[in-house]
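To keep things clear, I will list the structure first and then write my remarks on it.
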Amino acid sequence: MQRRTPEKVGDVLRALLEETSLQSRMDELRAADLWKKVVGEAIAMHTSHPQVKKGVMSIGVKNASLRQELTMNRSRLRELINKSIGKETITEIRFVS
């Protein structure tokens with residue numbers, strides 16, 4: 001068995017995440033968790049927890065007027081979420097009943 005140069009555990013895990021494409025899924029989960037921070041407590045109380053698949057964030061909103069307001073501001077919300085993550089993770093936001 002040959003000795004190798006020591007590597008930091010964090011570097012090894014980061015490389016593993018990138019190799020297995022888990023990094024993008026981790027970013028999507030982080031984006032969903034950022035929803036409450038981006039929109040605030042009051043709005044987050046009236047929406048369901050976001051689901052993110054393949055860059056599309058889906059959020060349940062029962063109140064029609066709130067859904068309309070969020071729809072009009074979805075590009076700004078997407079920018080804020082992506083900026084918080086540091087990369088273009090969310091490509092689209094959908095508000096559903």
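Starting from 1 in every chain, residues are counted up; chains themselves are A, B, ... following the order of the structure tokens, and ligands are numbered from 1 as listed.
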
Pull the alpha helix (DSSP H) assignments for chain A out of DSSP run on the backbone, and list those residues as a PyMOL selection string. chain A and resi 9-19+22-39+41-44+64-72+74-85

Quick one: residues within 6 Å of stretch 91-94 of chain A, only C-alpha atoms, excluding same-chain residues fewer than 3 positions away - as number ranges by chain? A: 55-58

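Minimum atom-to-atom distances from A:Val61, A:Glu69, A:Glu88, A:Lys54 to A:Ser21 were compared using only C-alpha atoms, and the lowest value belongs to A:Lys54.
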
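The list of residues with at least one atom within 7 Å of A:Ile81, based on only C-alpha atoms and without residues fewer than 3 positions apart in the same chain, reads Ala31, Leu34, Val38, Leu77, Arg78, Ser84 and Ile85 of chain A.
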
Quick one: pick out all strand (DSSP E) residues within stretch 47-87 of chain A from a backbone DSSP run and write them as JSON, numbers by chain. {"A": [51, 52, 53, 56, 57, 58, 59, 60]}

Filtering to C-alpha atoms, could you give me those residues as an mmCIF file, in the first residue's frame?
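Below is the file that was written, part-v5.cif:
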```cif
data_model
loop_
_atom_site.group_PDB
_atom_site.id
_atom_site.type_symbol
_atom_site.label_atom_id
_atom_site.label_comp_id
_atom_site.auth_asym_id
_atom_site.auth_seq_id
_atom_site.Cartn_x
_atom_site.Cartn_y
_atom_site.Cartn_z
ATOM 1 C CA GLN A 51 -40.044 22.073 -3.231
ATOM 2 C CA VAL A 52 -37.170 22.333 -5.720
ATOM 3 C CA LYS A 53 -36.558 19.937 -8.607
ATOM 4 C CA VAL A 56 -37.711 24.865 -10.513
ATOM 5 C CA MET A 57 -39.000 26.003 -7.118
ATOM 6 C CA SER A 58 -42.695 25.285 -6.457
ATOM 7 C CA ILE A 59 -44.450 26.998 -3.567
ATOM 8 C CA GLY A 60 -48.034 26.526 -2.451
#
```

Give me the residues near stretch 5-15 of chain A as a PDB file with N, CA, C and O atoms, in the first residue's frame, where near means some atom within 12 Å (using only C-alpha atoms) and where sequence neighbours in that chain fewer than 5 positions away do not count.
```pdb
ATOM      1  N   THR A  20     -20.416  13.159  -7.867  1.00  0.00           N
ATOM      2  CA  THR A  20     -21.683  12.426  -7.874  1.00  0.00           C
ATOM      3  C   THR A  20     -22.878  13.320  -8.174  1.00  0.00           C
ATOM      4  O   THR A  20     -24.015  12.884  -8.077  1.00  0.00           O
ATOM      5  N   SER A  21     -22.667  14.565  -8.512  1.00  0.00           N
ATOM      6  CA  SER A  21     -23.729  15.528  -8.825  1.00  0.00           C
ATOM      7  C   SER A  21     -24.649  15.799  -7.635  1.00  0.00           C
ATOM      8  O   SER A  21     -25.775  16.252  -7.811  1.00  0.00           O
ATOM      9  N   LEU A  22     -24.199  15.504  -6.453  1.00  0.00           N
ATOM     10  CA  LEU A  22     -24.999  15.802  -5.268  1.00  0.00           C
ATOM     11  C   LEU A  22     -24.932  17.273  -4.894  1.00  0.00           C
ATOM     12  O   LEU A  22     -25.805  17.773  -4.197  1.00  0.00           O
ATOM     13  N   GLN A  23     -23.930  17.977  -5.380  1.00  0.00           N
ATOM     14  CA  GLN A  23     -23.781  19.389  -5.045  1.00  0.00           C
ATOM     15  C   GLN A  23     -24.980  20.194  -5.528  1.00  0.00           C
ATOM     16  O   GLN A  23     -25.485  21.046  -4.802  1.00  0.00           O
ATOM     17  N   SER A  24     -25.467  19.912  -6.728  1.00  0.00           N
ATOM     18  CA  SER A  24     -26.619  20.668  -7.240  1.00  0.00           C
ATOM     19  C   SER A  24     -27.862  20.396  -6.409  1.00  0.00           C
ATOM     20  O   SER A  24     -28.653  21.298  -6.139  1.00  0.00           O
ATOM     21  N   MET A  26     -27.862  19.576  -3.218  1.00  0.00           N
ATOM     22  CA  MET A  26     -27.626  20.274  -1.946  1.00  0.00           C
ATOM     23  C   MET A  26     -27.935  21.762  -2.091  1.00  0.00           C
ATOM     24  O   MET A  26     -28.531  22.365  -1.205  1.00  0.00           O
TER      25      MET A  26
END
```

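Between atom CA of A:Lys83 and atom CA of A:Ser65 the separation is 26.6 Å.
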
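A straight line drawn from atom CA of A:Ser97 to atom CA of A:His46 is 11.6 Å long.
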
As an exercise, work out the distance from atom CA of A:Lys36 to atom CA of A:Arg67 in Å and give it to one decimal place. 15.5 Å

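Distances from A:Ala42, A:Ser48, A:Arg4, A:Ile90 to A:Arg25 were compared using only C-alpha atoms, and the smallest one belongs to A:Ile90.
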
Write out as number ranges by chain the residues lying within 12 Å of A:Ala64, counting only C-alpha atoms and excluding same-chain residues fewer than 6 positions away. A: 46-47, 70-71, 95-97
